[in-house]
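Data from protein30.pdb: PDB, C-alpha atoms
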```
ATOM      1  CA  MET N 177       0.000   0.000   0.000
ATOM      2  CA  SER N 178       1.435   3.367  -0.964
ATOM      3  CA  SER N 179       2.213   5.812   1.804
ATOM      4  CA  ASP N 180      -0.318   8.316   0.385
ATOM      5  CA  ILE N 181      -3.141   5.759   0.531
ATOM      6  CA  TYR N 182      -2.016   4.648   3.988
ATOM      7  CA  SER N 183      -1.883   8.252   5.264
ATOM      8  CA  GLY N 184      -5.321   8.893   3.804
ATOM      9  CA  LEU N 185      -6.760   5.860   5.613
ATOM     10  CA  VAL N 186      -5.212   6.938   8.908
ATOM     11  CA  PHE N 187      -6.635  10.446   8.474
ATOM     12  CA  LYS N 188     -10.063   9.004   7.622
ATOM     13  CA  SER N 189      -9.766   6.742  10.662
ATOM     14  CA  ALA N 190      -9.234   9.836  12.830
ATOM     15  CA  ILE N 191     -12.414  11.379  11.421
ATOM     16  CA  ALA N 192     -14.298   8.113  11.991
ATOM     17  CA  LEU N 193     -12.986   7.825  15.545
ATOM     18  CA  ASP N 194     -14.090  11.392  16.272
ATOM     19  CA  TYR N 195     -17.575  10.528  14.980
ATOM     20  CA  ALA N 196     -17.790   7.309  17.031
ATOM     21  CA  MET N 197     -16.533   9.052  20.181
ATOM     22  CA  GLU N 198     -19.158  11.788  19.799
ATOM     23  CA  LYS N 199     -21.836   9.079  19.519
ATOM     24  CA  LEU N 200     -20.485   7.450  22.690
ATOM     25  CA  LEU N 201     -20.513  10.824  24.471
ATOM     26  CA  GLU N 202     -24.096  11.314  23.323
ATOM     27  CA  GLN N 203     -25.034   7.949  24.872
ATOM     28  CA  LEU N 204     -23.308   8.865  28.149
ATOM     29  CA  LYS N 205     -25.245  12.133  28.291
ATOM     30  CA  ILE N 206     -28.523  10.308  27.603
ATOM     31  CA  ASN N 207     -27.686   7.927  30.460
ATOM     32  CA  ILE N 208     -26.802  10.807  32.808
ATOM     33  CA  GLU N 209     -30.098  12.529  32.021
ATOM     34  CA  LYS N 210     -32.054   9.301  32.532
ATOM     35  CA  ILE N 211     -30.214   7.641  35.430
ATOM     36  CA  VAL N 212     -28.643  10.529  37.348
ATOM     37  CA  TYR N 213     -31.077  13.389  36.803
ATOM     38  CA  GLY N 214     -34.101  11.178  36.224
ATOM     39  CA  ALA N 215     -33.793   9.616  39.687
ATOM     40  CA  GLY N 216     -35.411  12.634  41.323
ATOM     41  CA  SER N 217     -35.591  16.404  41.522
ATOM     42  CA  PRO N 218     -33.782  18.357  44.211
ATOM     43  CA  ASN N 219     -35.853  20.404  46.655
ATOM     44  CA  TYR N 220     -33.174  22.762  47.954
ATOM     45  CA  TYR N 221     -31.282  23.834  44.854
ATOM     46  CA  GLU N 222     -31.625  24.186  41.104
ATOM     47  CA  ARG N 223     -29.657  21.860  38.917
ATOM     48  CA  THR N 224     -26.915  23.603  36.988
ATOM     49  CA  MET N 225     -26.546  20.734  34.478
ATOM     50  CA  GLU N 226     -22.798  21.258  34.858
ATOM     51  CA  PHE N 227     -22.194  17.593  35.685
ATOM     52  CA  LEU N 228     -23.905  16.561  32.447
ATOM     53  CA  ASN N 229     -22.035  19.150  30.412
ATOM     54  CA  SER N 230     -18.638  18.419  31.966
ATOM     55  CA  TRP N 231     -18.143  15.283  29.841
ATOM     56  CA  GLU N 232     -16.070  15.700  26.667
ATOM     57  CA  THR N 233     -14.103  13.817  24.068
ATOM     58  CA  SER N 234     -10.606  14.688  22.983
ATOM     59  CA  LYS N 235      -9.831  15.277  19.336
ATOM     60  CA  PRO N 236      -8.204  12.174  17.835
ATOM     61  CA  ILE N 237      -4.429  12.041  17.909
ATOM     62  CA  ILE N 238      -2.544  10.121  15.228
ATOM     63  CA  LYS N 239       0.523   8.205  16.431
ATOM     64  CA  GLY N 240       1.910   6.317  13.446
ATOM     65  CA  ASN N 241      -0.781   3.800  12.520
ATOM     66  CA  ILE N 242      -2.681   4.301  15.803
ATOM     67  CA  VAL N 243      -5.431   6.858  16.319
ATOM     68  CA  GLU N 244      -6.403   7.692  19.903
ATOM     69  CA  SER N 245      -9.175   9.652  21.569
ATOM     70  CA  GLU N 246     -10.514   9.921  25.117
ATOM     71  CA  LEU N 247     -13.900  10.297  26.738
ATOM     72  CA  PHE N 248     -13.277  12.210  29.945
ATOM     73  CA  GLN N 249     -14.783  14.524  32.510
ATOM     74  CA  ASN N 250     -13.551  18.109  32.514
ATOM     75  CA  THR N 251     -14.205  18.838  36.174
ATOM     76  CA  PHE N 252     -13.280  22.495  35.673
ATOM     77  CA  ALA N 253     -16.456  22.875  33.593
ATOM     78  CA  MET N 254     -18.318  22.686  36.912
ATOM     79  CA  GLN N 255     -18.180  25.473  39.443
ATOM     80  CA  SER N 256     -17.521  24.855  43.100
ATOM     81  CA  ASP N 257     -19.551  26.917  45.554
ATOM     82  CA  PRO N 258     -19.039  25.442  49.038
ATOM     83  CA  ASP N 259     -21.171  28.201  50.624
ATOM     84  CA  ASN N 260     -24.190  26.777  48.785
ATOM     85  CA  PHE N 261     -23.052  23.119  48.830
ATOM     86  CA  THR N 262     -22.608  23.126  45.046
ATOM     87  CA  HIS N 263     -19.908  20.588  44.161
ATOM     88  CA  GLY N 264     -18.322  21.187  47.535
ATOM     89  CA  SER N 265     -18.808  21.966  51.201
ATOM     90  CA  TYR N 266     -16.801  23.422  54.078
ATOM     91  CA  TRP N 267     -17.766  20.328  56.077
ATOM     92  CA  TYR N 268     -15.153  18.345  54.167
ATOM     93  CA  THR N 269     -11.400  18.787  54.410
ATOM     94  CA  ASN N 270     -11.264  19.219  50.656
ATOM     95  CA  ASN N 271     -14.150  21.637  50.142
ATOM     96  CA  ASP N 272     -14.018  21.333  46.340
ATOM     97  CA  VAL N 273     -15.292  17.865  45.383
ATOM     98  CA  ARG N 274     -15.645  18.360  41.617
ATOM     99  CA  GLU N 275     -12.981  15.762  40.875
ATOM    100  CA  PHE N 276     -14.959  13.204  42.905
ATOM    101  CA  MET N 277     -18.454  13.988  41.586
ATOM    102  CA  ALA N 278     -18.601  11.075  39.124
ATOM    103  CA  GLU N 279     -17.583   8.636  41.868
ATOM    104  CA  ILE N 280     -19.982  10.197  44.371
ATOM    105  CA  ILE N 281     -22.903  10.035  41.951
ATOM    106  CA  PHE N 282     -22.189   6.788  40.096
ATOM    107  CA  GLU N 283     -21.311   4.847  43.264
ATOM    108  CA  GLY N 284     -23.751   6.528  45.688
ATOM    109  CA  LEU N 285     -21.057   7.930  47.986
ATOM    110  CA  SER N 286     -22.712  11.195  49.049
ATOM    111  CA  GLY N 287     -22.766  10.141  52.696
ATOM    112  CA  PRO N 288     -25.333  10.871  55.402
ATOM    113  CA  MET N 289     -24.860  14.645  55.645
ATOM    114  CA  PHE N 290     -27.966  15.432  53.580
ATOM    115  CA  GLY N 291     -30.012  12.460  54.752
ATOM    116  CA  THR N 292     -31.134   9.719  52.423
ATOM    117  CA  GLY N 293     -32.924   9.953  49.139
ATOM    118  CA  PHE N 294     -32.286   9.545  45.423
ATOM    119  CA  TRP N 295     -29.003  11.469  45.856
ATOM    120  CA  SER N 296     -27.627   8.932  48.330
ATOM    121  CA  VAL N 297     -27.923   5.818  46.162
ATOM    122  CA  ALA N 298     -25.761   4.772  43.241
ATOM    123  CA  ARG N 299     -26.869   6.326  39.958
ATOM    124  CA  ASP N 300     -24.391   4.665  37.631
ATOM    125  CA  ALA N 301     -24.626   6.133  34.150
ATOM    126  CA  TRP N 302     -21.152   4.886  33.188
ATOM    127  CA  THR N 303     -21.696   1.109  33.115
ATOM    128  CA  PRO N 304     -24.696   1.270  30.739
ATOM    129  CA  THR N 305     -22.606   3.481  28.466
ATOM    130  CA  LEU N 306     -19.871   0.841  28.286
ATOM    131  CA  ILE N 307     -22.415  -1.580  26.805
ATOM    132  CA  HIS N 308     -22.051   0.361  23.547
ATOM    133  CA  LEU N 309     -18.404  -0.699  23.460
ATOM    134  CA  GLU N 310     -19.192  -4.338  24.170
ATOM    135  CA  ASN N 311     -22.246  -4.841  21.932
ATOM    136  CA  GLY N 312     -20.654  -3.617  18.688
ATOM    137  CA  ASP N 313     -22.346  -0.190  18.515
ATOM    138  CA  PHE N 314     -19.008   1.641  18.669
ATOM    139  CA  ASP N 315     -17.558  -0.537  15.900
ATOM    140  CA  ARG N 316     -20.657   0.149  13.758
ATOM    141  CA  TRP N 317     -20.414   3.905  14.323
ATOM    142  CA  PHE N 318     -16.754   3.794  13.305
ATOM    143  CA  ALA N 319     -17.496   1.666  10.213
ATOM    144  CA  ASP N 320     -20.417   3.940   9.251
ATOM    145  CA  ALA N 321     -18.132   6.972   9.429
ATOM    146  CA  MET N 322     -15.551   5.222   7.253
ATOM    147  CA  ARG N 323     -18.240   4.335   4.684
ATOM    148  CA  MET N 324     -19.457   7.965   4.696
ATOM    149  CA  GLN N 325     -15.925   8.817   3.568
ATOM    150  CA  GLY N 326     -16.022   6.272   0.742
ATOM    151  CA  GLU N 327     -14.133   3.471   2.487
ATOM    152  CA  ASP N 328     -16.264   0.369   2.077
ATOM    153  CA  SER N 329     -13.693  -2.399   2.391
ATOM    154  CA  PHE N 330     -11.274  -2.127   5.248
ATOM    155  CA  THR N 331     -10.341  -3.897   8.439
ATOM    156  CA  PHE N 332      -9.733  -2.218  11.752
ATOM    157  CA  ASN N 333      -8.883  -3.135  15.300
ATOM    158  CA  ILE N 334     -10.463  -1.067  18.055
ATOM    159  CA  SER N 335      -9.297  -1.433  21.640
ATOM    160  CA  PHE N 336     -10.391   0.330  24.809
ATOM    161  CA  THR N 337      -8.492   1.136  27.981
TER     162      THR N 337
END
```
Hey, can you dump this file as structure tokens for me?
Amino acid sequence: MSSDIYSGLVFKSAIALDYAMEKLLEQLKINIEKIVYGAGSPNYYERTMEFLNSWETSKPIIKGNIVESELFQNTFAMQSDPDNFTHGSYWYTNNDVREFMAEIIFEGLSGPMFGTGFWSVARDAWTPTLIHLENGDFDRWFADAMRMQGEDSFTFNISFT
């Protein structure tokens, strides 16, 4: 295979990976809306939706014949307001808990400070999102994006860490 064709396939793979990662992010956000926010409505504060909107994907990076991208939480997209118990509290040694919010929410680790309710049980939106990696959806999204670029016959190996 000529280096021009190879380079073109790698570039198209980066575009396809970006497309598939955006679809995965979309599924995570659907799961957060359904599982996290759908579990109940707060009585003492208004939701900022910052937790939902703090999830991002990185632009694909090409490293030789490997194309990488990440789905991650940008905790700085959320504000911390310990005075109003928003993503933090002065009752904790570390009053800014933004970096722990996913763990707190997904694993139900809010503790007894605010009593019990929907906020104190696990609302795991991550595990149902991973199903899209295991059931072939991600591979299909990637293949669809390659076909949209005119690449109908190709083989690829996708791995997740």
Exercise. Tell me, as a ChimeraX atom specification, which residues lie within 7 Å of region 213-217 of chain N, counting all atoms listed in the file; anything in the same chain fewer than 4 positions away does not count.
Key: /N:208-209,294
Exercise. Quick one: pull the distance between CA of Asn271 (chain N) and CA of Trp302 (chain N), Å, one decimal.
Key: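 Distance reported for this atom pair: 24.8 Å.
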Quiz item: Which of these residues is nearest to Arg316 (chain N), using only C-alpha atoms: N:Ile242, N:Leu200, N:Leu185, N:Ala298?
Solution: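 Nearest to Arg316 (chain N): N:Leu200.
As for CA of Phe248 (chain N) and CA of Phe227 (chain N), they are spaced 11.9 Å apart.
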Practice problem: Please write as a PyMOL selection string the list of polymer residues whose atoms come within 12 Å of (-10.2, 11.1, 9.8), counting all atoms listed in the file and keeping to the coordinates of the file. | Solution: chain N and resi 182-196+235-238+242-245+318-319+321-327
Quiz item: What is the distance, in Å and to one decimal place, between CA of Asn229 (chain N) and CA of Ala253 (chain N)?
Solution: 7.4 Å
Give as a PDB file with C-alpha atoms, in the coordinates of the input the residues that the PyMOL selection byres ((chain N and resi 207) around 9) matches when applied to the coordinates above.
```pdb
ATOM      1  CA  GLU N 202     -24.096  11.314  23.323  1.00  0.00           C
ATOM      2  CA  GLN N 203     -25.034   7.949  24.872  1.00  0.00           C
ATOM      3  CA  LEU N 204     -23.308   8.865  28.149  1.00  0.00           C
ATOM      4  CA  LYS N 205     -25.245  12.133  28.291  1.00  0.00           C
ATOM      5  CA  ILE N 206     -28.523  10.308  27.603  1.00  0.00           C
ATOM      6  CA  ILE N 208     -26.802  10.807  32.808  1.00  0.00           C
ATOM      7  CA  GLU N 209     -30.098  12.529  32.021  1.00  0.00           C
ATOM      8  CA  LYS N 210     -32.054   9.301  32.532  1.00  0.00           C
ATOM      9  CA  ILE N 211     -30.214   7.641  35.430  1.00  0.00           C
ATOM     10  CA  VAL N 212     -28.643  10.529  37.348  1.00  0.00           C
ATOM     11  CA  ASP N 300     -24.391   4.665  37.631  1.00  0.00           C
ATOM     12  CA  ALA N 301     -24.626   6.133  34.150  1.00  0.00           C
ATOM     13  CA  TRP N 302     -21.152   4.886  33.188  1.00  0.00           C
ATOM     14  CA  PRO N 304     -24.696   1.270  30.739  1.00  0.00           C
ATOM     15  CA  THR N 305     -22.606   3.481  28.466  1.00  0.00           C
TER      16      THR N 305
END
```
What box, with edges along x, y and z, holds each listed atom of region 311-322 of chain N when 6 Å is added on every side, and can you state its centre and edge lengths in Å to one decimal, as JSON?
```
{"center_x": -18.9, "center_y": 1.1, "center_z": 14.6, "size_x": 18.8, "size_y": 23.8, "size_z": 26.7}
```
Quiz item: Of the candidates N:Phe336, N:Phe276, N:Phe252, N:Trp295, which one gets nearest to Pro218 (chain N) if we count only C-alpha atoms?
Solution: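 Under the stated criterion, the closest residue is N:Trp295.
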Quiz item: Within 10 Å of (-12.0, 13.4, 32.6), all atoms listed in the file: residues as a count of residues only?
Solution: 14
Quiz item: Which residue gives the smallest distance to Val273 (chain N) among N:Phe332, N:Ser286, N:Phe314, N:Glu222, with all atoms listed in the file counted?
Solution: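 Looking only at the distances to Val273 (chain N), the closest residue turns out to be N:Ser286.
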For this structure, which residues satisfy the selection - the PyMOL selection byres ((chain N and resi 297) around 8) - when it is evaluated on the file as given? I want them as a PDB file with C-alpha atoms, in the frame of the given file.
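Saved file out02.pdb follows:
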```pdb
ATOM      1  CA  ILE N 281     -22.903  10.035  41.951  1.00  0.00           C
ATOM      2  CA  GLU N 283     -21.311   4.847  43.264  1.00  0.00           C
ATOM      3  CA  GLY N 284     -23.751   6.528  45.688  1.00  0.00           C
ATOM      4  CA  LEU N 285     -21.057   7.930  47.986  1.00  0.00           C
ATOM      5  CA  GLY N 293     -32.924   9.953  49.139  1.00  0.00           C
ATOM      6  CA  PHE N 294     -32.286   9.545  45.423  1.00  0.00           C
ATOM      7  CA  TRP N 295     -29.003  11.469  45.856  1.00  0.00           C
ATOM      8  CA  SER N 296     -27.627   8.932  48.330  1.00  0.00           C
ATOM      9  CA  ALA N 298     -25.761   4.772  43.241  1.00  0.00           C
ATOM     10  CA  ARG N 299     -26.869   6.326  39.958  1.00  0.00           C
TER      11      ARG N 299
END
```
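Closest to Leu201 (chain N) among N:Asp320, N:Gly240, N:Phe282, N:Leu228 is N:Leu228, based on all atoms listed in the file.
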